[in-house]
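Q: Have a peek at run09.csv (CSV, C-alpha atoms and all ligand atoms).
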chain,number,residue,atom,x,y,z
V,1,MET,CA,68.8,179.3,144.0
V,2,PRO,CA,69.1,177.1,147.2
V,3,PRO,CA,67.6,178.5,150.4
V,4,LEU,CA,70.0,179.8,153.0
V,5,ILE,CA,70.5,177.3,155.8
V,6,PRO,CA,70.7,178.6,159.4
V,7,SER,CA,74.0,177.7,161.0
V,8,SER,CA,72.2,175.7,163.8
V,9,LEU,CA,70.9,173.3,161.2
V,10,CYS,CA,74.2,172.8,159.4
V,11,CYS,CA,75.3,170.1,161.8
V,12,VAL,CA,72.0,168.3,161.3
V,13,PHE,CA,72.6,168.3,157.5
V,14,ALA,CA,76.2,167.2,158.0
V,15,ALA,CA,75.0,164.3,160.1
V,16,LEU,CA,72.5,163.4,157.4
V,17,LEU,CA,75.1,163.5,154.7
V,18,ALA,CA,77.4,161.3,156.7
V,19,ALA,CA,74.5,158.8,157.2
V,20,CYS,CA,73.8,158.8,153.4
V,21,ALA,CA,77.5,158.2,152.7
V,22,ALA,CA,77.7,155.2,155.1
V,23,PRO,CA,78.5,152.0,153.2
V,24,SER,CA,75.6,149.7,152.6
V,25,ASN,CA,75.4,146.7,150.3
V,26,THR,CA,72.2,148.1,148.7
V,27,ALA,CA,72.8,151.8,148.9
V,28,ALA,CA,73.6,152.1,145.2
V,29,SER,CA,70.5,150.4,143.9
V,30,SER,CA,67.6,150.6,146.3
V,31,GLY,CA,65.1,153.2,147.1
V,32,ARG,CA,63.3,155.5,144.7
V,33,ASP,CA,65.2,157.2,141.9
V,34,VAL,CA,63.6,159.2,139.1
V,35,TRP,CA,66.0,158.2,136.3
V,36,GLY,CA,67.2,154.8,137.4
V,37,HIS,CA,70.7,155.4,136.0
V,38,ARG,CA,72.3,152.9,138.4
V,39,PRO,CA,72.9,149.2,138.7
V,40,GLY,CA,70.0,146.9,139.1
V,41,PRO,CA,68.5,146.1,142.6
V,42,LYS,CA,69.7,143.4,145.0
V,43,ASN,CA,68.3,142.3,148.3
V,44,PHE,CA,65.0,144.0,147.7
V,45,ARG,CA,62.1,142.9,149.8
V,46,THR,CA,58.9,143.9,148.0
V,47,VAL,CA,57.6,142.8,144.6
V,48,ILE,CA,54.7,144.8,143.1
V,49,LEU,CA,52.8,142.6,140.7
V,50,ASP,CA,50.7,144.4,138.2
V,51,ALA,CA,48.0,142.5,136.3
V,52,GLY,CA,47.6,144.3,133.0
V,53,HIS,CA,44.3,145.8,132.0
V,54,GLY,CA,41.1,145.0,134.0
V,55,GLY,CA,37.4,146.1,134.3
V,56,LYS,CA,36.3,148.0,131.2
V,57,ASP,CA,39.7,147.3,129.5
V,58,SER,CA,39.9,143.7,128.5
V,59,GLY,CA,43.2,144.0,126.7
V,60,ALA,CA,43.7,141.5,123.9
V,61,THR,CA,41.2,138.6,123.3
V,62,SER,CA,42.4,135.3,121.9
V,63,GLY,CA,40.7,134.5,118.6
V,64,PRO,CA,41.5,130.8,119.0
V,65,THR,CA,40.4,130.3,122.6
V,66,GLY,CA,38.3,133.4,123.5
V,67,GLN,CA,40.3,134.1,126.6
V,68,ARG,CA,40.8,137.7,127.6
V,69,GLU,CA,44.1,139.2,128.5
V,70,LYS,CA,42.8,140.9,131.6
V,71,ASP,CA,41.7,137.5,133.1
V,72,LEU,CA,44.9,135.8,132.2
V,73,THR,CA,47.1,138.5,133.7
V,74,LEU,CA,45.1,138.4,137.0
V,75,ASP,CA,45.5,134.6,137.1
V,76,MET,CA,49.3,135.0,136.5
V,77,VAL,CA,49.8,137.6,139.3
V,78,LYS,CA,48.0,135.3,141.8
V,79,ARG,CA,50.2,132.4,140.7
V,80,LEU,CA,53.3,134.6,141.1
V,81,GLN,CA,52.2,135.8,144.5
V,82,ALA,CA,51.9,132.2,145.6
V,83,GLU,CA,55.3,131.4,144.2
V,84,LEU,CA,57.0,134.4,145.9
V,85,ARG,CA,55.3,133.9,149.3
V,86,GLY,CA,57.9,133.5,152.0
V,87,SER,CA,60.6,135.2,150.0
V,88,PHE,CA,59.1,138.6,149.4
V,89,GLN,CA,56.4,140.9,150.5
V,90,THR,CA,54.1,141.1,147.5
V,91,VAL,CA,51.7,143.8,146.5
V,92,LEU,CA,49.0,143.3,143.9
V,93,MET,CA,48.1,146.3,141.8
V,94,ARG,CA,44.7,144.8,141.4
V,95,SER,CA,43.3,141.6,142.9
V,96,ASP,CA,40.0,141.5,141.0
V,97,ASP,CA,38.5,142.6,137.7
V,98,THR,CA,38.8,146.3,138.3
V,99,PHE,CA,40.1,149.1,136.0
V,100,VAL,CA,43.1,151.0,137.2
V,101,GLU,CA,44.5,153.9,135.2
V,102,LEU,CA,48.1,153.5,134.1
V,103,ASP,CA,49.2,156.8,135.8
V,104,GLU,CA,47.5,155.6,139.0
V,105,ARG,CA,49.5,152.4,138.8
V,106,VAL,CA,52.6,154.5,138.7
V,107,VAL,CA,51.5,156.5,141.7
V,108,ARG,CA,50.8,153.3,143.7
V,109,ALA,CA,54.2,151.8,142.7
V,110,ASN,CA,56.0,154.9,143.9
V,111,ARG,CA,54.6,154.5,147.4
V,112,HIS,CA,57.2,151.7,147.8
V,113,GLY,CA,60.9,152.3,148.0
V,114,ASP,CA,62.7,149.0,148.4
V,115,ALA,CA,60.7,147.3,145.6
V,116,ILE,CA,60.5,146.2,142.0
V,117,LEU,CA,57.5,146.4,139.7
V,118,VAL,CA,56.6,143.6,137.4
V,119,SER,CA,53.7,144.2,135.0
V,120,ILE,CA,52.2,141.2,133.3
V,121,HIS,CA,50.6,141.2,129.9
V,122,PHE,CA,49.9,138.9,127.0
V,123,ASN,CA,50.5,140.0,123.5
V,124,SER,CA,48.6,140.3,120.2
V,125,GLY,CA,49.8,140.8,116.6
V,126,PRO,CA,50.0,139.0,113.3
V,127,PRO,CA,49.2,135.3,113.7
V,128,HIS,CA,52.8,134.1,112.9
V,129,LEU,CA,54.3,136.0,115.8
V,130,ARG,CA,54.9,134.0,119.0
V,131,GLY,CA,57.1,133.9,122.1
V,132,PRO,CA,57.6,136.0,125.2
V,133,GLU,CA,58.8,139.6,125.2
V,134,THR,CA,60.2,141.8,128.0
V,135,TYR,CA,60.2,145.6,128.0
V,136,TYR,CA,62.3,147.9,130.1
V,137,TRP,CA,63.7,151.4,129.9
V,138,ARG,CA,65.6,152.3,133.1
V,139,VAL,CA,69.3,151.2,133.4
V,140,ASP,CA,68.5,149.7,136.8
V,141,SER,CA,65.9,147.4,135.2
V,142,HIS,CA,68.1,145.9,132.5
V,143,GLY,CA,69.4,143.0,134.6
V,144,LEU,CA,66.0,142.1,135.9
V,145,ALA,CA,64.5,142.3,132.4
V,146,THR,CA,67.3,140.1,131.0
V,147,ARG,CA,66.7,137.5,133.6
V,148,LEU,CA,62.9,137.5,133.1
V,149,GLN,CA,63.2,137.2,129.3
V,150,ARG,CA,65.6,134.3,129.7
V,151,ALA,CA,63.3,132.6,132.1
V,152,MET,CA,60.2,133.0,129.9
V,153,THR,CA,62.1,131.9,126.9
V,154,GLY,CA,63.3,128.8,128.8
V,155,VAL,CA,59.6,127.8,129.3
V,156,SER,CA,58.3,128.8,125.9
V,157,PRO,CA,58.7,125.9,123.4
V,158,ALA,CA,59.0,128.1,120.3
V,159,ALA,CA,59.4,131.7,119.2
V,160,SER,CA,58.8,133.3,115.8
V,161,GLY,CA,59.4,136.8,114.8
V,162,ASN,CA,58.9,138.3,118.2
V,163,ARG,CA,61.0,141.2,119.6
V,164,GLY,CA,62.6,139.5,122.6
V,165,LEU,CA,64.1,141.9,125.1
V,166,VAL,CA,63.2,145.5,124.2
V,167,ARG,CA,64.1,148.9,125.6
V,168,ARG,CA,61.0,151.0,125.2
V,169,ARG,CA,59.7,154.1,127.0
V,170,LEU,CA,56.2,153.1,128.3
V,171,ARG,CA,54.3,154.4,131.2
V,172,LEU,CA,55.1,151.4,133.3
V,173,THR,CA,58.8,151.2,132.2
V,174,ARG,CA,59.7,154.9,132.2
V,175,ASN,CA,57.5,156.6,134.9
V,176,PRO,CA,57.9,154.6,138.1
V,177,GLU,CA,60.8,155.6,140.3
V,178,ILE,CA,61.7,152.0,141.1
V,179,PRO,CA,63.1,149.2,138.8
V,180,CYS,CA,60.2,148.1,136.6
V,181,VAL,CA,59.6,145.8,133.7
V,182,LEU,CA,56.7,144.8,131.5
V,183,LEU,CA,56.3,141.2,130.5
V,184,GLU,CA,54.4,139.9,127.5
V,185,GLY,CA,53.9,136.2,128.3
V,186,GLY,CA,53.2,135.2,124.7
V,187,TYR,CA,50.9,136.0,121.8
V,188,LEU,CA,47.2,135.3,122.2
V,189,SER,CA,46.9,135.9,118.5
V,190,ASN,CA,49.1,132.9,117.6
V,191,PRO,CA,46.9,129.8,117.6
V,192,ALA,CA,49.5,127.4,119.0
V,193,GLU,CA,50.7,129.7,121.7
V,194,SER,CA,47.2,130.8,122.6
V,195,HIS,CA,46.2,127.2,123.3
V,196,LEU,CA,49.4,126.8,125.4
V,197,ILE,CA,48.6,129.9,127.4
V,198,ALA,CA,45.1,128.5,127.9
V,199,ALA,CA,46.5,125.6,129.9
V,200,PRO,CA,46.8,126.3,133.7
V,201,ALA,CA,49.8,124.0,133.9
V,202,TYR,CA,51.7,126.2,131.3
V,203,ARG,CA,50.8,129.4,133.1
V,204,GLN,CA,52.1,127.7,136.3
V,205,LYS,CA,55.4,126.9,134.7
V,206,LEU,CA,55.7,130.4,133.4
V,207,ALA,CA,54.9,131.8,136.9
V,208,ALA,CA,57.5,129.5,138.5
V,209,ALA,CA,60.2,130.6,136.0
V,210,ILE,CA,59.4,134.3,136.5
V,211,ALA,CA,59.5,133.9,140.3
V,212,ALA,CA,62.9,132.1,140.0
V,213,ALA,CA,64.3,135.0,137.9
V,214,ILE,CA,63.1,137.5,140.5
V,215,ARG,CA,64.8,135.5,143.3
V,216,SER,CA,68.0,135.4,141.3
V,217,GLN,CA,67.9,139.1,140.8
V,218,ALA,CA,67.5,139.6,144.6
V,219,ALA,CA,70.3,137.3,145.4
V,220,LEU,CA,72.8,138.3,142.6
V,221,GLY,CA,71.9,141.7,141.4
V,222,ASP,CA,73.0,142.2,137.8
V,223,ALA,CA,75.7,139.5,137.9
V,224,GLY,CA,75.7,137.5,134.7
V,225,THR,CA,73.2,139.7,132.8
V,226,GLY,CA,75.8,141.5,130.6
V,227,PRO,CA,76.9,145.2,130.5
V,228,LEU,CA,74.5,147.9,131.5
V,229,PRO,CA,72.9,149.9,128.7
V,230,PRO,CA,73.7,153.6,128.4
V,231,PRO,CA,71.6,156.1,130.3
V,232,LEU,CA,68.8,157.7,128.2
V,233,TYR,CA,67.2,161.0,128.9
V,234,ALA,CA,63.6,161.3,127.8
V,235,PRO,CA,60.5,162.8,129.3
V,236,PRO,CA,57.9,160.7,131.1
V,237,SER,CA,55.7,158.6,128.9
V,238,ARG,CA,52.2,160.0,128.3
V,239,ALA,CA,49.0,158.6,127.1
V,240,HIS,CA,49.5,159.7,123.5
V,241,ASP,CA,52.9,157.9,123.3
V,242,ALA,CA,53.4,154.4,122.0
V,243,ARG,CA,51.1,151.6,123.0
V,244,GLN,CA,51.2,150.5,126.6
M,301,ZN,ZN,48.4,144.2,127.6
Can you give me the file's structure in the form of structure tokens?
A:
Amino acid sequence: MPPLIPSSLCCVFAALLAACAAPSNTAASSGRDVWGHRPGPKNFRTVILDAGHGGKDSGATSGPTGQREKDLTLDMVKRLQAELRGSFQTVLMRSDDTFVELDERVVRANRHGDAILVSIHFNSGPPHLRGPETYYWRVDSHGLATRLQRAMTGVSPAASGNRGLVRRRLRLTRNPEIPCVLLEGGYLSNPAESHLIAAPAYRQKLAAAIAAAIRSQAALGDAGTGPLPPPLYAPPSRAHDARQ
């Protein structure tokens, strides 16, 4: 039951409601929103870059090259930060080899309103799988995810058996209250792709393409990314849910 409101405060609430209803070109898709059942963001100012894993959690390790996912993701967010400098304020979830719990990453992301979250990973699976994948869950993250998957696919010379664009409830796709996506930049378990990812020039191309997709989303919103998916109702993702 809502609390009773003293009449002297009613005019204040009325003024607040009027302010909320004022037209704004970003009102429908900026700020925090628990469900994210809304169009994708436009004109956002802040990009939160999350380097997957870190510290005691190495993530996947490439058999062919020995490279660790946690080092590659940190390298990628630093390249992305440089690519986005001047266009956005960037926030790094971690800037060195430290371990940050997934729920803590969500808490940190939720400190920002006018922002998107991009979590960077590299994949592992049967050796024949290769190619980038993009995970999202919220309706307001579909356009951004579509742009990012297209951008990475444009850089990747080949794909085989991979999942492409996937709607999946993960802690970093379901729980943040801002548009959020999780990128898998390629399979470290595929010998050819792993050697490609080991090359700094390839990671730079990947970072430049990801940055361009983020700039496109900020400029255009969801335009050209197809119809929005239906809203889903599901509880926040927990540690015992699917892999992160
Ligand atoms: Zn990972």
Q: Hey, can you pull every residue with an atom no more than 10 Å from (43.8, 132.3, 129.1), using all atoms listed in the file, and send it as JSON, numbers by chain?
A: {"V": [61, 62, 65, 66, 67, 68, 69, 70, 71, 72, 73, 75, 76, 122, 188, 194, 195, 196, 197, 198, 199, 200, 203]}
Q: Can you work out which residues are within 8 Å of ligand ZN 301 (chain M), considering all atoms listed in the file, and then hand them over as JSON, numbers by chain?
A: {"V": [52, 53, 59, 60, 69, 70, 120, 121, 122, 123, 184, 244]}
Q: Got a sec: who's within 12 Å of segment 83-98 of chain V, counting all atoms listed in the file, leaving out chain neighbours fewer than 5 positions off, as number ranges by chain?
A: V: 43-58, 68-78, 104-112, 114-120, 204-216, 218-219
Q: Out of V:Ser160, V:Thr146, V:Ser30, V:Thr173, which residue has the shortest atom-to-atom distance to Gly224 of chain V when counting all atoms listed in the file?
A: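 Counting all atoms listed in the file, the residue closest to Gly224 of chain V is V:Thr146.
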Q: With distances taken over only C-alpha atoms, which residue among V:Gly226, V:Arg150, V:Asn162, V:Arg138 lies nearest Cys180 of chain V?
A: V:Arg138
Q: Which one of V:Val100, V:Ile178, V:Met152, V:Leu172 sits closest to Val34 of chain V if you count all atoms listed in the file?
A: V:Ile178
Q: If I take atom CA of Ala158 of chain V and atom CA of Arg130 of chain V, how far is one from the other in Å, to one decimal?
A: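 Atom CA of Arg130 of chain V lies at a distance of 7.3 Å from atom CA of Ala158 of chain V.
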Q: In Å to one decimal, how far is atom CA of Leu182 of chain V from atom CA of Val166 of chain V?
A: 9.8 Å
Q: Would you work out the distance separating atom CA of His142 of chain V from atom CA of Arg174 of chain V, expressed in Å to one decimal?
A: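 One can read the atom CA of His142 of chain V to atom CA of Arg174 of chain V distance as 12.3 Å.
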Q: Any chance you could build segment 102-118 of chain V out to N, CA, C and O atoms and write it as a PDB file, keeping the file's coordinate frame?
A:
ATOM      1  N   LEU V 102      46.704 153.771 134.116  1.00  0.00           N
ATOM      2  CA  LEU V 102      48.100 153.500 134.100  1.00  0.00           C
ATOM      3  C   LEU V 102      48.877 154.525 135.024  1.00  0.00           C
ATOM      4  O   LEU V 102      49.793 154.148 135.762  1.00  0.00           O
ATOM      5  N   ASP V 103      48.473 155.790 134.978  1.00  0.00           N
ATOM      6  CA  ASP V 103      49.200 156.800 135.800  1.00  0.00           C
ATOM      7  C   ASP V 103      48.909 156.479 137.307  1.00  0.00           C
ATOM      8  O   ASP V 103      49.772 156.727 138.153  1.00  0.00           O
ATOM      9  N   GLU V 104      47.742 155.956 137.635  1.00  0.00           N
ATOM     10  CA  GLU V 104      47.500 155.600 139.000  1.00  0.00           C
ATOM     11  C   GLU V 104      48.339 154.384 139.429  1.00  0.00           C
ATOM     12  O   GLU V 104      48.803 154.303 140.568  1.00  0.00           O
ATOM     13  N   ARG V 105      48.604 153.501 138.494  1.00  0.00           N
ATOM     14  CA  ARG V 105      49.500 152.400 138.800  1.00  0.00           C
ATOM     15  C   ARG V 105      50.899 152.881 139.136  1.00  0.00           C
ATOM     16  O   ARG V 105      51.575 152.364 140.019  1.00  0.00           O
ATOM     17  N   VAL V 106      51.321 153.923 138.409  1.00  0.00           N
ATOM     18  CA  VAL V 106      52.600 154.500 138.700  1.00  0.00           C
ATOM     19  C   VAL V 106      52.652 155.140 140.083  1.00  0.00           C
ATOM     20  O   VAL V 106      53.591 154.936 140.858  1.00  0.00           O
ATOM     21  N   VAL V 107      51.591 155.873 140.402  1.00  0.00           N
ATOM     22  CA  VAL V 107      51.500 156.500 141.700  1.00  0.00           C
ATOM     23  C   VAL V 107      51.583 155.447 142.827  1.00  0.00           C
ATOM     24  O   VAL V 107      52.313 155.598 143.811  1.00  0.00           O
ATOM     25  N   ARG V 108      50.850 154.367 142.631  1.00  0.00           N
ATOM     26  CA  ARG V 108      50.800 153.300 143.700  1.00  0.00           C
ATOM     27  C   ARG V 108      52.225 152.647 143.768  1.00  0.00           C
ATOM     28  O   ARG V 108      52.680 152.334 144.862  1.00  0.00           O
ATOM     29  N   ALA V 109      52.872 152.440 142.635  1.00  0.00           N
ATOM     30  CA  ALA V 109      54.200 151.800 142.700  1.00  0.00           C
ATOM     31  C   ALA V 109      55.188 152.712 143.427  1.00  0.00           C
ATOM     32  O   ALA V 109      56.041 152.228 144.182  1.00  0.00           O
ATOM     33  N   ASN V 110      55.050 154.017 143.249  1.00  0.00           N
ATOM     34  CA  ASN V 110      56.000 154.900 143.900  1.00  0.00           C
ATOM     35  C   ASN V 110      55.792 155.114 145.362  1.00  0.00           C
ATOM     36  O   ASN V 110      56.547 155.827 146.013  1.00  0.00           O
ATOM     37  N   ARG V 111      54.785 154.443 145.922  1.00  0.00           N
ATOM     38  CA  ARG V 111      54.600 154.500 147.400  1.00  0.00           C
ATOM     39  C   ARG V 111      55.644 153.524 148.042  1.00  0.00           C
ATOM     40  O   ARG V 111      55.810 153.544 149.248  1.00  0.00           O
ATOM     41  N   HIS V 112      56.274 152.695 147.228  1.00  0.00           N
ATOM     42  CA  HIS V 112      57.200 151.700 147.800  1.00  0.00           C
ATOM     43  C   HIS V 112      58.629 152.060 147.371  1.00  0.00           C
ATOM     44  O   HIS V 112      58.873 152.429 146.229  1.00  0.00           O
ATOM     45  N   GLY V 113      59.547 151.948 148.315  1.00  0.00           N
ATOM     46  CA  GLY V 113      60.900 152.300 148.000  1.00  0.00           C
ATOM     47  C   GLY V 113      61.747 151.067 147.650  1.00  0.00           C
ATOM     48  O   GLY V 113      62.257 150.956 146.537  1.00  0.00           O
ATOM     49  N   ASP V 114      61.831 150.133 148.562  1.00  0.00           N
ATOM     50  CA  ASP V 114      62.700 149.000 148.400  1.00  0.00           C
ATOM     51  C   ASP V 114      61.937 147.889 147.625  1.00  0.00           C
ATOM     52  O   ASP V 114      61.629 146.823 148.163  1.00  0.00           O
ATOM     53  N   ALA V 115      61.635 148.181 146.362  1.00  0.00           N
ATOM     54  CA  ALA V 115      60.700 147.300 145.600  1.00  0.00           C
ATOM     55  C   ALA V 115      61.042 147.284 144.147  1.00  0.00           C
ATOM     56  O   ALA V 115      61.751 148.151 143.625  1.00  0.00           O
ATOM     57  N   ILE V 116      60.521 146.269 143.476  1.00  0.00           N
ATOM     58  CA  ILE V 116      60.500 146.200 142.000  1.00  0.00           C
ATOM     59  C   ILE V 116      59.058 146.122 141.556  1.00  0.00           C
ATOM     60  O   ILE V 116      58.201 145.660 142.314  1.00  0.00           O
ATOM     61  N   LEU V 117      58.813 146.520 140.313  1.00  0.00           N
ATOM     62  CA  LEU V 117      57.500 146.400 139.700  1.00  0.00           C
ATOM     63  C   LEU V 117      57.543 145.491 138.516  1.00  0.00           C
ATOM     64  O   LEU V 117      58.376 145.690 137.623  1.00  0.00           O
ATOM     65  N   VAL V 118      56.677 144.492 138.500  1.00  0.00           N
ATOM     66  CA  VAL V 118      56.600 143.600 137.400  1.00  0.00           C
ATOM     67  C   VAL V 118      55.158 143.638 136.832  1.00  0.00           C
ATOM     68  O   VAL V 118      54.223 143.261 137.534  1.00  0.00           O
TER      69      VAL V 118
END
